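Asks: File coords_6.cif follows (mmCIF, C-alpha atoms):
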data_input
#
loop_
_atom_site.label_atom_id
_atom_site.label_comp_id
_atom_site.auth_asym_id
_atom_site.auth_seq_id
_atom_site.Cartn_x
_atom_site.Cartn_y
_atom_site.Cartn_z
CA MET B 98 -18.12 -1.97 25.47
CA GLN B 99 -14.51 -1.38 24.47
CA GLN B 100 -13.97 -5.14 24.09
CA HIS B 101 -17.26 -5.58 22.20
CA LEU B 102 -16.24 -2.88 19.73
CA GLY B 103 -12.67 -4.07 19.45
CA ARG B 104 -13.87 -7.47 18.26
CA GLN B 105 -15.77 -6.07 15.27
CA ASP B 106 -14.42 -6.44 11.73
CA GLY B 107 -12.36 -3.50 10.55
CA VAL B 108 -11.74 -2.09 14.02
CA GLN B 109 -8.12 -1.60 14.99
CA LYS B 110 -8.35 0.30 18.25
CA VAL B 111 -11.02 1.82 20.49
CA GLU B 112 -10.44 4.75 22.81
CA VAL B 113 -13.11 5.65 25.34
CA SER B 114 -13.28 8.87 27.29
CA LEU B 115 -15.31 8.30 30.43
CA LEU B 116 -15.37 12.03 31.06
CA ASP B 117 -17.48 13.06 28.07
CA GLY B 118 -18.64 9.71 26.69
CA LYS B 119 -16.66 10.10 23.47
CA VAL B 120 -15.56 6.91 21.73
CA GLN B 121 -12.89 7.13 19.03
CA VAL B 122 -12.72 4.12 16.75
CA ALA B 123 -9.46 3.68 14.83
CA LEU B 124 -10.06 1.63 11.72
CA LYS B 125 -7.87 -0.82 9.89
CA GLU B 126 -6.24 0.26 6.62
CA ASP B 127 -8.88 -1.32 4.40
CA GLY B 128 -11.69 0.67 6.07
CA ARG B 129 -14.09 -2.25 5.72
CA VAL B 130 -16.24 -1.61 8.73
CA ASP B 131 -19.99 -1.77 9.21
CA PRO B 132 -21.15 1.20 11.34
CA ALA B 133 -24.51 -0.48 12.00
CA ARG B 134 -22.70 -3.43 13.59
CA LEU B 135 -20.73 -1.04 15.80
CA ILE B 136 -23.95 0.56 17.03
CA ARG B 137 -25.42 -2.89 17.76
CA ALA B 138 -22.21 -3.93 19.55
CA VAL B 139 -22.37 -0.87 21.80
CA TYR B 140 -26.08 -1.44 22.45
CA GLU B 141 -25.47 -5.12 23.34
CA SER B 142 -22.90 -4.05 25.91
CA GLY B 143 -25.62 -2.10 27.72
CA VAL B 144 -24.64 1.37 26.55
CA THR B 145 -26.63 3.67 24.26
CA VAL B 146 -25.15 5.45 21.27
CA ALA B 147 -26.28 9.08 21.35
CA GLU B 148 -24.66 9.95 18.04
CA MET B 149 -22.15 8.67 15.53
CA ASP B 150 -20.07 10.88 13.27
CA VAL B 151 -17.97 9.62 10.39
CA ILE B 152 -15.47 10.82 7.86
CA ALA B 153 -15.99 8.80 4.72
CA ARG B 154 -14.83 8.78 1.14
CA GLY B 155 -16.89 7.43 -1.70
CA HIS B 156 -18.90 7.90 -4.87
CA ILE B 157 -22.25 9.63 -5.09
CA VAL B 158 -24.93 7.30 -6.46
CA LYS B 159 -28.68 7.43 -6.89
CA ASP B 160 -30.50 5.41 -4.24
CA SER B 161 -33.67 3.36 -4.65
CA SER B 162 -35.90 6.20 -3.40
CA GLY B 163 -34.62 8.64 -6.04
CA GLY B 164 -32.36 10.49 -3.63
CA ILE B 165 -28.59 10.30 -3.47
CA ALA B 166 -26.33 8.06 -1.44
CA LEU B 167 -22.64 7.81 -0.60
CA GLN B 168 -21.22 4.50 -1.73
CA THR B 169 -18.20 3.62 0.38
CA GLN B 170 -17.83 -0.01 -0.72
CA PRO B 171 -19.37 -1.98 -3.60
CA ASN B 172 -21.87 -3.43 -1.12
CA GLN B 173 -22.12 -0.50 1.29
CA SER B 174 -23.87 2.83 0.77
CA PHE B 175 -25.63 5.35 2.96
CA SER B 176 -28.62 7.43 1.86
CA ILE B 177 -27.89 11.12 2.20
CA VAL B 178 -30.33 13.34 4.09
CA PRO B 179 -30.94 16.37 1.83
CA ASN B 180 -29.56 19.60 3.30
CA ASP B 181 -27.55 22.65 2.21
CA SER B 182 -24.29 20.67 2.21
CA SER B 183 -25.67 17.89 0.03
CA THR B 184 -27.19 20.00 -2.75
CA GLY B 185 -23.86 20.43 -4.52
CA LEU B 186 -23.38 16.67 -4.61
CA GLU B 187 -26.47 15.77 -6.64
CA SER B 188 -24.74 16.58 -9.91
CA LEU B 189 -22.03 14.02 -9.08
CA ALA B 190 -24.47 11.10 -8.96
CA GLY B 191 -23.15 8.35 -11.19
CA ALA B 192 -19.94 10.25 -11.97
CA PRO B 193 -16.57 8.65 -11.24
CA ALA B 194 -15.67 11.55 -8.91
CA GLU B 195 -14.89 10.72 -5.30
CA VAL B 196 -15.91 12.88 -2.39
CA THR B 197 -14.79 12.93 1.21
CA VAL B 198 -17.41 14.07 3.66
CA ARG B 199 -17.82 14.52 7.39
CA GLY B 200 -21.27 13.66 8.54
CA GLU B 201 -23.61 12.39 11.17
CA LEU B 202 -24.63 8.78 10.54
CA TYR B 203 -26.76 8.21 13.61
CA LYS B 204 -28.49 10.25 16.25
CA LYS B 205 -30.57 8.86 19.09
CA PRO B 206 -34.25 9.79 18.74
CA ALA B 207 -35.24 12.80 20.80
CA GLY B 208 -37.50 12.45 23.81
CA LYS B 209 -38.45 9.17 25.38
CA LYS B 210 -38.61 7.23 22.13
CA LYS B 211 -36.62 4.00 22.47
CA PRO B 212 -33.53 3.90 20.22
CA ASP B 213 -33.60 1.23 17.55
CA PRO B 214 -30.08 -0.12 16.94
CA ASN B 215 -31.32 -1.82 13.76
CA ALA B 216 -32.73 1.31 12.14
CA PRO B 217 -31.20 2.07 8.72
CA LEU B 218 -28.40 4.59 8.89
CA ARG B 219 -28.72 7.82 6.93
CA LEU B 220 -25.92 10.27 6.39
CA LEU B 221 -26.46 13.91 7.32
CA ILE B 222 -23.59 15.72 5.68
CA LEU B 223 -22.00 18.34 7.93
CA GLU B 224 -19.13 19.22 5.65
CA VAL B 225 -17.82 18.27 2.21
CA VAL B 226 -14.12 17.92 2.96
CA LYS B 227 -12.86 17.16 -0.53
CA LYS B 228 -14.07 16.55 -4.09
CA GLU B 229 -11.82 14.60 -6.42
CA PRO B 230 -12.53 14.40 -10.15
CA MET N 105 13.09 -8.46 -18.44
CA LYS N 106 9.77 -7.75 -20.16
CA LYS N 107 8.10 -10.39 -18.05
CA ARG N 108 9.37 -8.74 -14.86
CA ARG N 109 8.05 -5.34 -15.98
CA LEU N 110 4.73 -6.86 -16.88
CA ALA N 111 4.51 -8.57 -13.51
CA LEU N 112 5.33 -5.29 -11.76
CA LEU N 113 2.65 -3.42 -13.71
CA LEU N 114 0.15 -6.13 -12.88
CA LEU N 115 1.03 -5.90 -9.21
CA LEU N 116 0.67 -2.10 -9.20
CA GLY N 117 -2.64 -2.44 -10.99
CA LEU N 118 -3.89 -4.64 -8.19
CA VAL N 119 -2.49 -2.61 -5.29
CA LEU N 120 -3.26 0.99 -6.35
CA PRO N 121 -7.04 0.67 -6.71
CA ALA N 122 -7.17 -0.97 -3.28
CA VAL N 123 -5.28 1.96 -1.74
CA SER N 124 -7.47 4.62 -3.34
CA GLU N 125 -10.65 2.69 -2.65
CA ALA N 126 -13.58 4.52 -1.16
CA GLN N 127 -14.03 3.80 2.50
CA ILE N 128 -14.93 4.99 5.95
CA LYS N 129 -11.92 6.83 7.30
CA HIS N 130 -12.89 7.69 10.84
CA ILE N 131 -15.67 7.00 13.32
CA GLU N 132 -16.47 8.88 16.49
CA MET N 133 -19.37 8.15 18.79
CA ARG N 134 -20.91 9.77 21.81
CA VAL N 135 -22.41 7.22 24.16
CA GLU N 136 -24.67 7.40 27.18
CA GLY N 137 -25.07 5.08 30.14
CA MET N 138 -21.45 4.25 30.86
CA THR N 139 -20.69 3.67 34.52
#
What is this structure when it is put down as structure tokens?

Replies:
Amino acid sequence: MQQHLGRQDGVQKVEVSLLDGKVQVALKEDGRVDPARLIRAVYESGVTVAEMDVIARGHIVKDSSGGIALQTQPNQSFSIVPNDSSTGLESLAGAPAEVTVRGELYKKPAGKKKPDPNAPLRLLILEVVKKEP
Amino acid sequence: MKKRRLALLLLLGLVLPAVSEAQIKHIEMRVEGMT
């Protein structure tokens, strides 16, 4: 799994803790990484991702469903799951302000439902770390 | 001299936006099924 992940674009280093199943992914300076590809890479190595947390910086934009999304690259954005932490961000949609958030991008379905590594990723904001005008 | 300044400004203009570009800063996963 470590090798699978290490081969993905944007990944600089992968540290795996066998004790608690935590995987820390150090990213290259440009931050151009596709989290969905990382999940698929882990899945293809025979391991299941239980959850993925990210710290990301980007602009708030309106998504196609009328909600808001965090745009981290011109061609990469993640729909934001509405919650208490995201309500303050709606007013920033379309503004040039940048926000840094900590959030959960993936969580394995509860129960016996089979995880789908190709399911679209949605960002559940846990904390707004920084807002920059 | 002016040309050098202009070239420097142009270079900074190209580099700075790339540095401050929005991006994913950190990823942490919890995995299951490792042996």

Asks: Selected by the PyMOL selection byres ((chain N) within 7 of (chain B)) in the shown coordinates: which residues, as a list in words?

Replies: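 Against this file, the PyMOL selection byres ((chain N) within 7 of (chain B)) returns the residues Ala126, Gln127, Ile128, Lys129, His130, Ile131, Glu132, Met133, Arg134, Val135, Glu136, Gly137 and Met138 of chain N.
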
Asks: Would you mind reading off the distance between atom CA of Arg219 of chain B and atom CA of Val178 of chain B, one decimal, in Å?

Replies: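 A separation of 6.4 Å between them.
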
Asks: Using the chain letters and residue numbers of this document, give as a ChimeraX atom specification the residues selected by the PyMOL selection byres ((chain B and resi 179) around 10).

Replies: /B:164-165,176-178,180-184,186-187,220-222

Asks: Write out the residues from the selection above, keeping C-alpha atoms, as an mmCIF file, in the frame of the given file.

Replies:
data_model
loop_
_atom_site.group_PDB
_atom_site.id
_atom_site.type_symbol
_atom_site.label_atom_id
_atom_site.label_comp_id
_atom_site.auth_asym_id
_atom_site.auth_seq_id
_atom_site.Cartn_x
_atom_site.Cartn_y
_atom_site.Cartn_z
ATOM 1 C CA GLY B 164 -32.360 10.490 -3.630
ATOM 2 C CA ILE B 165 -28.590 10.300 -3.470
ATOM 3 C CA SER B 176 -28.620 7.430 1.860
ATOM 4 C CA ILE B 177 -27.890 11.120 2.200
ATOM 5 C CA VAL B 178 -30.330 13.340 4.090
ATOM 6 C CA ASN B 180 -29.560 19.600 3.300
ATOM 7 C CA ASP B 181 -27.550 22.650 2.210
ATOM 8 C CA SER B 182 -24.290 20.670 2.210
ATOM 9 C CA SER B 183 -25.670 17.890 0.030
ATOM 10 C CA THR B 184 -27.190 20.000 -2.750
ATOM 11 C CA LEU B 186 -23.380 16.670 -4.610
ATOM 12 C CA GLU B 187 -26.470 15.770 -6.640
ATOM 13 C CA LEU B 220 -25.920 10.270 6.390
ATOM 14 C CA LEU B 221 -26.460 13.910 7.320
ATOM 15 C CA ILE B 222 -23.590 15.720 5.680
#

Asks: Can you measure atom CA of Pro193 of chain B to atom CA of Ala111 of chain N for me? One decimal in Å is fine.

Replies: 27.3 Å

Asks: Suppose you want the space between atom CA of Val158 of chain B and atom CA of Ala190 of chain B; what is it in Å?

Replies: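 Separation between atom CA of Val158 of chain B and atom CA of Ala190 of chain B: 4.6 Å.
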
Asks: Which residue is closest to Pro230 of chain B? Choose from B:Asn172, B:Ile157, B:Gly103, B:Gly208 and count all atoms listed in the file.

Replies: B:Ile157
